[in-house]
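The structure appears right after this line, and notes come after that.
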Amino acid sequence: MRINIFLILLFLEFFFSASSNVFSQNIYVAHDGNDINPGTISQPLFSLASAITRVKVGDTIFVRGGTFVYNSTITISKSGTSTLTYYIFAYKNERPILDFSAMSFSSSNKGISLKGSYWYIKGLSIKGAGDNGMEINGGSNNTVELCSFYENRDTGLQLSNGSSNNRIINCDSYFNIDEKEGNADGFAPKLAVGTGNYFYGCRAWQNSDDGWDGYMRGADNVSTTLENCWSFKNGYRKDGTQTSGNGNGFKMGGGDNGNSARLMHHVTLIKCVAFNNKVKGFDQNNNDGSMTLLNCTGFSNLTADYRITREVNSGQAVNIKNSVSYLGYVELGSFVIQEKNSWRPPFSVSAQDFVDIDPSSATASRKEDGSLPDITFLHLAPGSSFIDAGVDVGLPYLGLAPDLGAFEYDGPTSVSPEPIIGSSVVLNQNFPNPFNPETKITYILPGEMKIKLEVFDMLGRSISVLADGNQTAGTYTVTFNGSGISSGIFFYRLSTNVTSITKQFVLIK
């Protein structure tokens, strides 16, 4: 039988290019490693930069626990694709610290400069850089998860130079301070940043300037979304004294010369919390783009909890709905569209509306899956008039209607270690969340009824039915596997003959 060598070679070329991830490998980095080693778990490298030069698309760099002292920027320029990603993960439950404190203060002395796209970086702590702890500099479609940025000499994590569609998940940024104290933010999608960047479950505290800064210079008409993020005590040093920086929780935009160019940063804040910041909690600055604040909470910010007073560009809108302010001022222009906020009739607010108004727990350790800690601070107390008092804005909620504020009241299940079979249908938040690729969903039925548990995408299209039919009273747990779909935000809905409950979850690959 004659064999066509050309066809064989063509097949092999296709096979190796299309399936290169089949041959992916692990590269190990350890603080007692050596860069002449092969990078195996028994003979690891020392330098993350060395591992990056060796890594191929689809490979994973595992960084072992301990402190790595580096004195130069780690630059990442390689790019993957939508189907093939580069990975840098902390090894198992170990926590590596990349210490750049030996660097001098300089705008060129970043800790990590991420210029590439399709990287997934998880579990690193980055401290002491001469400028940003990490700058995503033109990179897009990256995921940075469960990383900490602290004691850097400019912003902890900054996105710039057209960086777009990046996901920052469950990260902390704190104690960052620059020499003049007016530049170091916790997180900064600003200046020439691109669009579509998304923050979820992040915290920023005691940074010398702002918690989040969306100031524009070189960019316009971009969008950023923040969900379940906390920003507090910004404008204060690590020792608790005030800095000379701005000290806002969420600075939503603005531009030079009073934003005379009328630059627009379209910001969406969902279930975000700003408290004890030196100046404002939620600050327009001089942003002329659209701003949407849904179910946010401001508490005891020194100048104002919310300040949006400059009318935005024609065709843009500012919406604030289901939000709460306590022990802080609210300054809003007449152009702001408001609905069901605590500072407007028929509501009044007092300490009795909350389980706890002591913010000391906000820096507690994250849960095992990396999500924000379970705390009672600013959670609604039983009997609060804010429970079931909101308007449906498309977010998941419990009860008859959405609550006001960032924390949905879930009654006894929030304090009980065991599920309670009561008179109501209960749909719990999935765990883990975000997830990859599997997550578990638990629901409770008080009696026999017909149910349907279904998963939808952002466009409302059904992508999976997890349960459908008659079920008796009890607690049920099902597993959703997202291995066949792309990363993104999805919803799961439990429908019964007495109620329908929807919740949101995030798939990250």
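Following the order of the structure tokens, chains are lettered A, B, ..., residues in each are numbered from 1, and ligands are numbered from 1.
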(request) Pull the strand (DSSP E) assignments for segment 204-326 of chain A out of DSSP run on the backbone, and list those residues as an MDAnalysis selection string. (result) chainID A and resid 204:205 212:213 222:227 230:232 250:251 265:270 273:275 280:283 291:294 297:299 304:308 318:321 324:326
(request) Considering only C-alpha atoms, return as a list in words whatever protein or nucleic-acid residues lie within 8 Å of Val279 of chain A, sequence-local ones (same chain, fewer than 3 positions apart) excluded. (result)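 Result of the neighbour search: Gly235, Asn246, Gly247, Asn248, Asn301, Leu302, Thr303 and Ala304 of chain A.
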(request) Find the residues around Phe335 of chain A up to 9 Å (only C-alpha atoms counted), leave out those fewer than 6 positions away in its own chain, and share them as an MDAnalysis selection string. (result) chainID A and resid 309:312 317:318
Please save C-alpha atoms of the selected residues as a tab-separated table (two decimals), in the first residue's frame.
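The resulting file, out-v4.tsv, is shown below:
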chain	number	residue	atom	x	y	z
A	309	THR	CA	-23.40	66.44	41.24
A	310	ARG	CA	-22.04	67.21	37.75
A	311	GLU	CA	-24.51	66.55	34.94
A	312	VAL	CA	-23.18	63.91	32.55
A	317	ALA	CA	-27.49	58.42	32.57
A	318	VAL	CA	-26.86	57.96	36.27
Interface rows for segment 11-124 of chain A against segment 487-503 of chain A: nearest pair, Å to one decimal, 12 Å, only C-alpha atoms, as a Markdown table:
| residue | atom | partner | partner_atom | distance |
| --- | --- | --- | --- | --- |
| A:Ser82 | CA | A:Ser487 | CA | 10.0 |
| A:Thr83 | CA | A:Ser487 | CA | 11.0 |
| A:Tyr118 | CA | A:Ser487 | CA | 12.0 |
(message) I'd like the contact shell of segment 189-199 of chain A - 7 Å cut-off, only C-alpha atoms, skipping same-chain residues fewer than 2 positions apart - returned as a PyMOL selection string.
(response) chain A and resi 158-169+187+201-202+213-219+222-227
Those residues with N, CA and C atoms, as a PDB file, in the first residue's frame please?
ATOM      1  N   GLN A 158      -2.809  47.947  38.606  1.00  0.00           N
ATOM      2  CA  GLN A 158      -3.269  48.951  37.649  1.00  0.00           C
ATOM      3  C   GLN A 158      -3.463  48.320  36.282  1.00  0.00           C
ATOM      4  N   LEU A 159      -4.514  48.772  35.587  1.00  0.00           N
ATOM      5  CA  LEU A 159      -4.775  48.340  34.212  1.00  0.00           C
ATOM      6  C   LEU A 159      -4.629  49.557  33.312  1.00  0.00           C
ATOM      7  N   SER A 160      -3.839  49.433  32.242  1.00  0.00           N
ATOM      8  CA  SER A 160      -3.533  50.595  31.416  1.00  0.00           C
ATOM      9  C   SER A 160      -3.282  50.165  29.971  1.00  0.00           C
ATOM     10  N   ASN A 161      -3.008  51.154  29.126  1.00  0.00           N
ATOM     11  CA  ASN A 161      -2.546  50.919  27.752  1.00  0.00           C
ATOM     12  C   ASN A 161      -3.481  49.998  26.959  1.00  0.00           C
ATOM     13  N   GLY A 162      -4.781  50.259  27.068  1.00  0.00           N
ATOM     14  CA  GLY A 162      -5.746  49.502  26.275  1.00  0.00           C
ATOM     15  C   GLY A 162      -6.108  48.146  26.821  1.00  0.00           C
ATOM     16  N   SER A 163      -5.681  47.809  28.026  1.00  0.00           N
ATOM     17  CA  SER A 163      -6.006  46.503  28.615  1.00  0.00           C
ATOM     18  C   SER A 163      -7.519  46.346  28.725  1.00  0.00           C
ATOM     19  N   SER A 164      -8.055  45.256  28.192  1.00  0.00           N
ATOM     20  CA  SER A 164      -9.503  45.091  28.149  1.00  0.00           C
ATOM     21  C   SER A 164      -9.902  43.659  28.483  1.00  0.00           C
ATOM     22  N   ASN A 165     -11.147  43.536  28.940  1.00  0.00           N
ATOM     23  CA  ASN A 165     -11.767  42.225  29.198  1.00  0.00           C
ATOM     24  C   ASN A 165     -10.950  41.367  30.157  1.00  0.00           C
ATOM     25  N   ASN A 166     -10.323  42.013  31.128  1.00  0.00           N
ATOM     26  CA  ASN A 166      -9.623  41.277  32.176  1.00  0.00           C
ATOM     27  C   ASN A 166     -10.560  41.051  33.355  1.00  0.00           C
ATOM     28  N   ARG A 167     -10.354  39.959  34.074  1.00  0.00           N
ATOM     29  CA  ARG A 167     -11.174  39.620  35.237  1.00  0.00           C
ATOM     30  C   ARG A 167     -10.284  39.580  36.473  1.00  0.00           C
ATOM     31  N   ILE A 168     -10.640  40.396  37.456  1.00  0.00           N
ATOM     32  CA  ILE A 168      -9.894  40.450  38.715  1.00  0.00           C
ATOM     33  C   ILE A 168     -10.814  39.892  39.786  1.00  0.00           C
ATOM     34  N   ILE A 169     -10.499  38.731  40.309  1.00  0.00           N
ATOM     35  CA  ILE A 169     -11.428  37.971  41.136  1.00  0.00           C
ATOM     36  C   ILE A 169     -10.833  37.739  42.532  1.00  0.00           C
ATOM     37  N   PHE A 187      -6.859  49.532  43.411  1.00  0.00           N
ATOM     38  CA  PHE A 187      -7.024  49.047  42.039  1.00  0.00           C
ATOM     39  C   PHE A 187      -7.282  50.254  41.149  1.00  0.00           C
ATOM     40  N   GLY A 201     -15.567  40.493  44.018  1.00  0.00           N
ATOM     41  CA  GLY A 201     -15.145  40.014  45.331  1.00  0.00           C
ATOM     42  C   GLY A 201     -13.825  40.569  45.811  1.00  0.00           C
ATOM     43  N   CYS A 202     -13.457  41.769  45.364  1.00  0.00           N
ATOM     44  CA  CYS A 202     -12.159  42.351  45.730  1.00  0.00           C
ATOM     45  C   CYS A 202     -12.304  43.334  46.897  1.00  0.00           C
ATOM     46  N   ASP A 213      -9.745  53.705  41.339  1.00  0.00           N
ATOM     47  CA  ASP A 213      -9.624  54.975  40.627  1.00  0.00           C
ATOM     48  C   ASP A 213      -9.829  54.719  39.141  1.00  0.00           C
ATOM     49  N   GLY A 214     -10.832  55.393  38.557  1.00  0.00           N
ATOM     50  CA  GLY A 214     -11.118  55.234  37.137  1.00  0.00           C
ATOM     51  C   GLY A 214     -10.807  56.467  36.317  1.00  0.00           C
ATOM     52  N   TYR A 215      -9.860  57.278  36.787  1.00  0.00           N
ATOM     53  CA  TYR A 215      -9.487  58.540  36.134  1.00  0.00           C
ATOM     54  C   TYR A 215      -8.989  58.297  34.711  1.00  0.00           C
ATOM     55  N   MET A 216      -9.449  59.117  33.764  1.00  0.00           N
ATOM     56  CA  MET A 216      -9.121  58.930  32.350  1.00  0.00           C
ATOM     57  C   MET A 216      -8.029  59.905  31.882  1.00  0.00           C
ATOM     58  N   ARG A 217      -7.136  59.388  31.067  1.00  0.00           N
ATOM     59  CA  ARG A 217      -6.180  60.204  30.309  1.00  0.00           C
ATOM     60  C   ARG A 217      -5.678  59.332  29.161  1.00  0.00           C
ATOM     61  N   GLY A 218      -6.149  59.609  27.971  1.00  0.00           N
ATOM     62  CA  GLY A 218      -5.786  58.769  26.834  1.00  0.00           C
ATOM     63  C   GLY A 218      -6.832  57.728  26.484  1.00  0.00           C
ATOM     64  N   ALA A 219      -7.872  57.630  27.273  1.00  0.00           N
ATOM     65  CA  ALA A 219      -8.974  56.712  26.965  1.00  0.00           C
ATOM     66  C   ALA A 219     -10.287  57.458  27.100  1.00  0.00           C
ATOM     67  N   VAL A 222     -15.106  54.022  27.776  1.00  0.00           N
ATOM     68  CA  VAL A 222     -14.824  52.650  28.189  1.00  0.00           C
ATOM     69  C   VAL A 222     -15.746  52.278  29.347  1.00  0.00           C
ATOM     70  N   SER A 223     -15.911  50.983  29.557  1.00  0.00           N
ATOM     71  CA  SER A 223     -16.802  50.475  30.600  1.00  0.00           C
ATOM     72  C   SER A 223     -16.053  49.576  31.563  1.00  0.00           C
ATOM     73  N   THR A 224     -16.396  49.687  32.854  1.00  0.00           N
ATOM     74  CA  THR A 224     -15.826  48.837  33.898  1.00  0.00           C
ATOM     75  C   THR A 224     -16.949  48.415  34.834  1.00  0.00           C
ATOM     76  N   THR A 225     -16.922  47.163  35.278  1.00  0.00           N
ATOM     77  CA  THR A 225     -17.925  46.643  36.203  1.00  0.00           C
ATOM     78  C   THR A 225     -17.254  46.137  37.473  1.00  0.00           C
ATOM     79  N   LEU A 226     -17.831  46.514  38.609  1.00  0.00           N
ATOM     80  CA  LEU A 226     -17.376  46.030  39.909  1.00  0.00           C
ATOM     81  C   LEU A 226     -18.557  45.385  40.613  1.00  0.00           C
ATOM     82  N   GLU A 227     -18.344  44.197  41.155  1.00  0.00           N
ATOM     83  CA  GLU A 227     -19.418  43.483  41.838  1.00  0.00           C
ATOM     84  C   GLU A 227     -18.898  42.893  43.145  1.00  0.00           C
TER      85      GLU A 227
END
